[in-house]
$ cat start-v8.txt   # compact mmCIF, C-alpha atoms and all ligand atoms
# COMPACT_ATOMS: atom_id res chain seq x y z
CA MET Q 200 84.40 82.69 106.26
CA LEU Q 201 84.64 81.26 109.75
CA LEU Q 202 86.67 82.62 112.67
CA ILE Q 203 86.85 80.43 115.77
CA THR Q 204 88.23 81.64 119.07
CA HIS Q 205 87.47 81.35 122.79
CA PRO Q 206 87.93 83.80 125.67
CA GLU Q 207 89.45 80.99 127.75
CA CYS Q 208 92.47 81.02 125.41
CA LEU Q 209 93.35 84.26 127.27
CA GLU Q 210 93.48 82.46 130.63
CA HIS Q 211 96.71 80.58 129.87
CA GLN Q 212 99.47 82.59 131.52
CA MET Q 213 103.14 81.87 132.02
CA GLN Q 214 105.59 83.90 134.08
CA PRO Q 215 105.26 87.72 134.00
CA GLY Q 216 107.09 89.15 131.01
CA HIS Q 217 106.80 85.96 128.93
CA MET Q 218 106.51 86.77 125.21
CA GLU Q 219 103.66 84.31 124.61
CA ARG Q 220 101.15 86.36 126.59
CA PRO Q 221 97.37 86.78 126.55
CA GLU Q 222 97.69 90.31 125.15
CA ARG Q 223 98.76 88.83 121.79
CA LEU Q 224 95.34 87.35 121.17
CA ALA Q 225 93.43 90.15 122.89
CA HIS Q 226 95.13 92.79 120.73
CA LEU Q 227 94.61 90.77 117.54
CA LEU Q 228 90.88 90.38 118.21
CA SER Q 229 90.47 93.99 119.23
CA HIS Q 230 92.19 95.08 115.99
CA PHE Q 231 89.88 92.81 113.99
CA GLU Q 232 86.91 94.40 115.75
CA THR Q 233 87.87 98.06 115.43
CA THR Q 234 88.67 97.68 111.73
CA GLY Q 235 85.31 95.95 111.07
CA LEU Q 236 87.01 92.76 109.90
CA LEU Q 237 85.50 90.68 112.70
CA GLN Q 238 81.99 91.82 111.79
CA SER Q 239 82.48 90.53 108.24
CA LEU Q 240 83.17 86.96 109.47
CA THR Q 241 81.10 84.19 111.01
CA VAL Q 242 82.45 84.11 114.57
CA GLN Q 243 82.08 81.01 116.74
CA VAL Q 244 83.43 79.95 120.13
CA ALA Q 245 85.67 76.90 120.19
CA PRO Q 246 84.47 73.68 121.77
CA LEU Q 247 86.77 71.72 124.09
CA VAL Q 248 88.55 69.02 122.13
CA ASN Q 249 87.82 65.38 122.84
CA ARG Q 250 91.14 64.27 124.38
CA ASP Q 251 90.83 60.93 122.55
CA LEU Q 252 91.55 62.86 119.33
CA VAL Q 253 94.65 64.39 120.94
CA LYS Q 254 95.82 60.90 121.89
CA ARG Q 255 95.80 59.84 118.25
CA ILE Q 256 98.97 61.88 117.70
CA HIS Q 257 100.36 62.35 121.22
CA THR Q 258 101.04 59.35 123.45
CA PRO Q 259 98.41 58.73 126.15
CA THR Q 260 101.26 58.73 128.68
CA TYR Q 261 102.23 62.24 127.61
CA VAL Q 262 98.68 63.60 127.55
CA ASP Q 263 97.70 62.05 130.89
CA GLY Q 264 101.05 63.09 132.41
CA LEU Q 265 100.43 66.73 131.49
CA SER Q 266 96.99 66.56 133.13
CA LYS Q 267 98.44 65.05 136.29
CA ALA Q 268 101.12 67.74 136.41
CA SER Q 269 98.65 70.61 135.93
CA PRO Q 270 98.85 72.88 139.00
CA VAL Q 271 95.95 74.13 141.15
CA THR Q 272 97.82 77.40 141.73
CA GLY Q 273 101.10 78.81 140.49
CA LEU Q 274 103.12 77.54 137.55
CA VAL Q 275 104.62 74.17 136.63
CA ARG Q 276 107.46 74.26 134.12
CA VAL Q 277 107.28 71.60 131.39
CA ASP Q 278 110.15 72.82 129.18
CA PRO Q 279 112.72 75.62 129.60
CA ASP Q 280 110.38 77.99 127.69
CA THR Q 281 106.96 76.59 128.58
CA ALA Q 282 104.95 76.54 131.79
CA MET Q 283 101.41 75.58 132.81
CA CYS Q 284 99.10 77.51 135.10
CA ALA Q 285 95.82 76.06 136.38
CA ARG Q 286 94.01 77.19 133.20
CA SER Q 287 96.64 76.34 130.58
CA LEU Q 288 95.41 72.90 129.56
CA ASN Q 289 91.86 74.17 129.31
CA ALA Q 290 93.11 76.88 126.92
CA ALA Q 291 95.01 74.21 124.98
CA ASP Q 292 91.84 72.08 124.81
CA ARG Q 293 90.01 75.11 123.35
CA ALA Q 294 92.84 75.76 120.89
CA VAL Q 295 92.80 72.20 119.54
CA GLY Q 296 89.02 72.16 119.69
CA ALA Q 297 88.95 75.26 117.48
CA VAL Q 298 91.12 73.70 114.78
CA VAL Q 299 89.25 70.38 114.86
CA GLU Q 300 85.86 72.12 114.67
CA ALA Q 301 87.02 74.45 111.88
CA THR Q 302 88.27 71.41 109.98
CA ARG Q 303 84.97 69.62 110.44
CA GLN Q 304 82.99 72.60 109.13
CA VAL Q 305 85.31 73.26 106.19
CA MET Q 306 85.40 69.59 105.16
CA SER Q 307 81.59 69.43 105.36
CA GLY Q 308 81.29 72.45 103.07
CA GLN Q 309 79.76 74.84 105.64
CA HIS Q 310 82.64 77.27 105.04
CA ASP Q 311 85.38 77.40 102.43
CA ARG Q 312 87.98 78.67 104.84
CA ALA Q 313 88.52 79.26 108.56
CA PHE Q 314 90.95 81.08 110.84
CA CYS Q 315 91.49 79.89 114.40
CA ALA Q 316 92.44 82.80 116.69
CA ILE Q 317 93.91 80.72 119.48
CA ARG Q 318 96.68 80.27 121.98
CA PRO Q 319 98.71 78.41 123.16
CA PRO Q 320 100.33 77.64 119.79
CA GLY Q 321 101.04 74.02 118.78
CA HIS Q 322 103.62 73.39 116.06
CA HIS Q 323 106.60 72.66 118.34
CA ALA Q 324 104.76 69.98 120.34
CA GLU Q 325 106.09 66.52 119.46
CA THR Q 326 104.52 63.09 120.02
CA ALA Q 327 105.61 62.99 123.65
CA ALA Q 328 106.97 66.45 124.45
CA ALA Q 329 105.73 69.95 125.18
CA MET Q 330 108.14 72.50 123.73
CA GLY Q 331 108.51 76.13 122.74
CA PHE Q 332 105.24 77.47 124.25
CA CYS Q 333 103.28 74.48 122.80
CA PHE Q 334 101.43 71.63 124.56
CA TYR Q 335 99.34 69.91 121.89
CA ASN Q 336 100.02 70.06 118.15
CA SER Q 337 96.60 71.44 117.17
CA VAL Q 338 97.16 71.37 113.42
CA CYS Q 339 98.36 67.74 113.49
CA VAL Q 340 95.38 66.67 115.63
CA ALA Q 341 93.08 68.23 113.02
CA ALA Q 342 95.03 66.67 110.14
CA ARG Q 343 94.77 63.22 111.70
CA TYR Q 344 91.03 63.77 112.33
CA ALA Q 345 90.45 64.83 108.71
CA LEU Q 346 92.31 61.75 107.42
CA ASP Q 347 90.64 59.33 109.86
CA GLU Q 348 87.09 60.64 109.94
CA LEU Q 349 86.33 63.28 107.34
CA GLY Q 350 87.24 61.51 104.13
CA ALA Q 351 90.41 63.47 103.35
CA LYS Q 352 92.85 61.33 101.39
CA HIS Q 353 95.66 63.86 101.32
CA ILE Q 354 96.44 66.81 103.57
CA ALA Q 355 99.00 69.58 103.33
CA ILE Q 356 100.37 71.34 106.42
CA LEU Q 357 102.03 74.63 105.47
CA ASP Q 358 104.03 76.43 108.18
CA PHE Q 359 105.49 79.91 107.66
CA ASP Q 360 106.22 80.67 111.33
CA VAL Q 361 109.79 81.96 111.78
CA HIS Q 362 110.49 78.86 113.87
CA HIS Q 363 110.57 75.42 112.30
CA GLY Q 364 107.47 73.25 112.79
CA ASN Q 365 109.55 70.44 114.28
CA GLY Q 366 106.56 68.86 115.97
CA SER Q 367 104.57 68.62 112.77
CA VAL Q 368 107.51 66.96 110.98
CA GLU Q 369 108.16 64.55 113.87
CA ILE Q 370 104.48 63.57 114.10
CA MET Q 371 103.85 63.27 110.33
CA GLN Q 372 107.24 61.93 109.16
CA SER Q 373 105.86 58.47 108.38
CA GLU Q 374 102.41 59.57 107.20
CA PRO Q 375 102.66 59.78 103.40
CA ARG Q 376 99.11 61.21 103.14
CA ALA Q 377 100.37 64.37 104.87
CA LEU Q 378 102.73 66.78 103.13
CA VAL Q 379 104.52 69.16 105.51
CA CYS Q 380 106.17 72.31 104.14
CA SER Q 381 107.98 74.51 106.66
CA SER Q 382 109.94 77.73 106.15
CA PHE Q 383 112.04 78.87 109.09
CA GLN Q 384 115.03 80.90 110.13
CA SER Q 385 118.12 78.67 110.28
CA PRO Q 386 120.16 78.12 112.32
CA PHE Q 387 117.60 78.98 114.98
CA TYR Q 388 115.32 77.59 117.66
CA PRO Q 389 114.41 74.73 117.99
CA GLY Q 390 117.01 73.01 115.74
CA ARG Q 391 115.08 69.75 115.69
CA PHE Q 392 113.81 67.82 112.65
CA ASP Q 393 115.24 70.53 110.39
CA GLN Q 394 118.07 68.52 108.77
CA GLY Q 395 116.74 65.13 107.73
CA GLN Q 396 115.17 64.00 104.50
CA TRP Q 397 111.64 62.68 104.38
CA PRO Q 398 109.69 62.14 101.16
CA ASN Q 399 106.66 64.02 102.52
CA VAL Q 400 108.53 66.98 104.04
CA VAL Q 401 109.77 70.18 102.36
CA LEU Q 402 112.25 72.14 104.49
CA THR Q 403 112.88 75.75 103.51
CA PRO Q 404 115.56 77.22 105.79
CA LEU Q 405 115.98 81.01 105.66
CA GLU Q 406 119.16 82.85 106.54
CA GLU Q 407 118.90 85.51 109.22
CA GLY Q 408 118.02 88.81 107.55
CA THR Q 409 116.13 87.23 104.63
CA GLU Q 410 113.97 89.85 102.86
CA GLY Q 411 110.52 89.33 101.41
CA SER Q 412 111.72 89.05 97.81
CA GLU Q 413 114.04 86.16 98.64
CA PHE Q 414 111.36 84.52 100.81
CA ARG Q 415 108.90 84.65 97.88
CA ARG Q 416 111.48 83.26 95.49
CA LEU Q 417 112.23 80.29 97.77
CA ILE Q 418 108.59 79.50 98.49
CA GLU Q 419 107.73 79.58 94.79
CA ALA Q 420 110.70 77.38 93.92
CA GLU Q 421 110.26 74.84 96.71
CA TRP Q 422 106.59 74.61 97.71
CA ILE Q 423 104.36 74.97 94.63
CA GLU Q 424 105.34 71.82 92.77
CA PRO Q 425 105.17 69.43 95.78
CA ILE Q 426 101.80 70.86 96.85
CA ARG Q 427 100.38 70.47 93.33
CA ALA Q 428 101.74 66.92 93.10
CA HIS Q 429 100.27 66.00 96.50
CA ARG Q 430 96.75 67.15 95.50
CA PRO Q 431 95.58 67.90 99.06
CA ASP Q 432 91.89 67.64 99.96
CA LEU Q 433 92.49 70.25 102.67
CA ILE Q 434 95.30 72.70 103.39
CA LEU Q 435 96.08 73.43 107.03
CA ILE Q 436 98.24 76.46 107.82
CA SER Q 437 100.44 76.89 110.88
CA ALA Q 438 100.16 80.66 110.68
CA GLY Q 439 102.96 82.26 112.66
CA PHE Q 440 103.65 85.92 112.05
CA ASP Q 441 107.01 86.14 113.83
CA ALA Q 442 108.93 86.33 110.54
CA HIS Q 443 107.77 89.97 110.37
CA ARG Q 444 110.70 92.40 110.58
CA ALA Q 445 109.38 93.97 113.80
CA ASP Q 446 109.20 90.70 115.71
CA PRO Q 447 111.39 90.65 118.84
CA LEU Q 448 112.16 86.91 118.57
CA GLY Q 449 112.64 86.41 114.83
CA GLY Q 450 115.38 87.73 112.56
CA ILE Q 451 113.59 87.58 109.18
CA ASN Q 452 112.49 90.75 107.40
CA LEU Q 453 109.02 90.04 106.05
CA ASP Q 454 106.41 92.78 105.71
CA VAL Q 455 102.62 92.64 105.95
CA GLU Q 456 102.41 92.33 102.15
CA ASP Q 457 104.52 89.16 102.21
CA PHE Q 458 101.94 87.47 104.45
CA SER Q 459 99.17 88.57 102.06
CA TRP Q 460 101.25 87.16 99.21
CA ILE Q 461 101.80 83.71 100.72
CA THR Q 462 98.17 83.51 101.79
CA ARG Q 463 97.06 84.29 98.21
CA LEU Q 464 99.41 81.61 96.90
CA ILE Q 465 97.99 79.05 99.35
CA VAL Q 466 94.37 79.95 98.58
CA ASP Q 467 95.06 79.68 94.83
CA LEU Q 468 96.67 76.25 95.30
CA ALA Q 469 93.70 75.17 97.44
CA LYS Q 470 91.32 76.30 94.70
CA GLU Q 471 93.25 74.17 92.21
CA SER Q 472 93.19 71.01 94.32
CA CYS Q 473 90.31 71.07 96.81
CA GLY Q 474 87.72 73.73 96.11
CA GLY Q 475 89.63 76.29 98.16
CA ARG Q 476 89.43 74.50 101.50
CA VAL Q 477 91.89 76.07 103.97
CA VAL Q 478 92.00 76.00 107.78
CA SER Q 479 94.55 78.34 109.33
CA ALA Q 480 95.64 78.27 112.97
CA LEU Q 481 97.54 81.02 114.78
CA GLU Q 482 101.02 80.01 115.92
CA GLY Q 483 103.67 82.67 116.80
CA GLY Q 484 103.97 86.46 116.43
CA TYR Q 485 105.28 88.51 119.34
CA ASP Q 486 105.14 92.17 118.31
CA LEU Q 487 101.56 93.04 119.16
CA ASN Q 488 100.99 95.51 116.33
CA ALA Q 489 102.78 93.50 113.65
CA LEU Q 490 100.91 90.38 114.73
CA ALA Q 491 97.53 92.12 114.47
CA LEU Q 492 98.31 93.71 111.09
CA CYS Q 493 99.75 90.51 109.56
CA ALA Q 494 96.93 88.32 110.85
CA ALA Q 495 94.36 90.81 109.50
CA ALA Q 496 96.05 90.83 106.09
CA HIS Q 497 96.10 87.01 106.17
CA VAL Q 498 92.39 86.81 107.01
CA GLU Q 499 91.47 89.44 104.37
CA VAL Q 500 92.94 87.16 101.73
CA LEU Q 501 91.40 83.99 103.22
CA LYS Q 502 88.00 85.75 103.08
ZN ZN F 601 107.43 81.09 116.10

$ encode --input "start-v8.txt" --output "structure tokens"
Amino acid sequence: MLLITHPECLEHQMQPGHMERPERLAHLLSHFETTGLLQSLTVQVAPLVNRDLVKRIHTPTYVDGLSKASPVTGLVRVDPDTAMCARSLNAADRAVGAVVEATRQVMSGQHDRAFCAIRPPGHHAETAAAMGFCFYNSVCVAARYALDELGAKHIAILDFDVHHGNGSVEIMQSEPRALVCSSFQSPFYPGRFDQGQWPNVVLTPLEEGTEGSEFRRLIEAEWIEPIRAHRPDLILISAGFDAHRADPLGGINLDVEDFSWITRLIVDLAKESCGGRVVSALEGGYDLNALALCAAAHVEVLK
């Protein structure tokens, strides 16, 4: 199995004390290394994405506007929760590059599955808006690339971050070849694209305080049948781990075993429909230890 990351993903920094901090990824990778998990994987460094691929899902005006606004020193705020330093867009280019490259290798059969250990995250970024710590929607860029260039006829994007993948719904709402399933605490941030009805979108809102047993019941009831019916050629995961009970932002009570469980379910569905092809990309997760433990459990099952 493939793990793609890049040290430059650590260079994106927002204001001191911001939850989405470099230590998240550093601690995750150090945990993977000290437990021997990293040594059992094929590890590669992420290329920079070709921005033309990014512009297939984000407007050129938005992408070029972000570049023009990128600061030489200090921070530029692009959303109440999101700021750019001089190195932020480079980190974002590595993050998208990781997911695109992982998708290319998985679709070509070099690896069955891949995990992208990246930041900044991507699933809140909409067609023309940075939002919620996200600049480019990495998973949607890779989905579009797989549909356009890699022969995928159907794609599933599965998002179990505690926050709704509003960007992925907004970007894919009129793309019937993409199925988007998102579970999320509700009502909760960001409160966008979480109410409507789209034939290719499954929304699974979770009440604050939801326990693992109820989470599993809802996912089984609401996700399995649409995923089977869609017959994806590739499953992309927006893998946020902030629905863990220890997370300081989320209010859902999942445990490490629940992330193993949903990963097993996804891998089994991928084996049914597409030879097990799964590309997973890190999204949220803000308790350093819970993030590292959940991501490790996730990767152990993907392996
Ligand atoms: Zn999140």

$ closest_residue --input "start-v8.txt" --among "Q:Tyr335, Q:Gln214, Q:His257, Q:Arg318" --to "Q:Cys284" --atoms "all atoms listed in the file"
Q:Gln214

$ closest_residue --input "start-v8.txt" --among "Q:Pro221, Q:Gly439, Q:Pro270, Q:Gly321" --to "Q:Leu209" --atoms "all atoms listed in the file"
Q:Pro221

$ closest_residue --input "start-v8.txt" --among "Q:Asp251, Q:Asp278, Q:Asp292, Q:Glu348" --to "Q:Thr204" --atoms "all atoms listed in the file"
Q:Asp292

$ residues_near_ligand --input "start-v8.txt" --ligand "ligand ZN 601 (chain F)" --cutoff "12 Å" --atoms "all atoms listed in the file" --output "ChimeraX atom specification"
/Q:218-219,319-323,330-333,358-365,381-384,387-389,437-443,446-451,481-486,490

$ residues_around --input "start-v8.txt" --residues "Q:Tyr261" --least-positions-apart "5" --cutoff "8 Å" --atoms "only C-alpha atoms" --output "list in words"
Thr326, Ala327 and Ala328 of chain Q

$ atom_distance --input "start-v8.txt" --atom1 "atom CA of Q:Gly411" --atom2 "atom CA of Q:Cys473"
27.6 Å

$ closest_residue --input "start-v8.txt" --among "Q:Leu274, Q:Ile426, Q:Ala316, Q:Val477" --to "Q:Arg303" --atoms "all atoms listed in the file"
Q:Val477

$ closest_residue --input "start-v8.txt" --among "Q:Leu236, Q:Leu487, Q:Ala480, Q:Val368" --to "Q:Val298" --atoms "only C-alpha atoms"
Q:Ala480
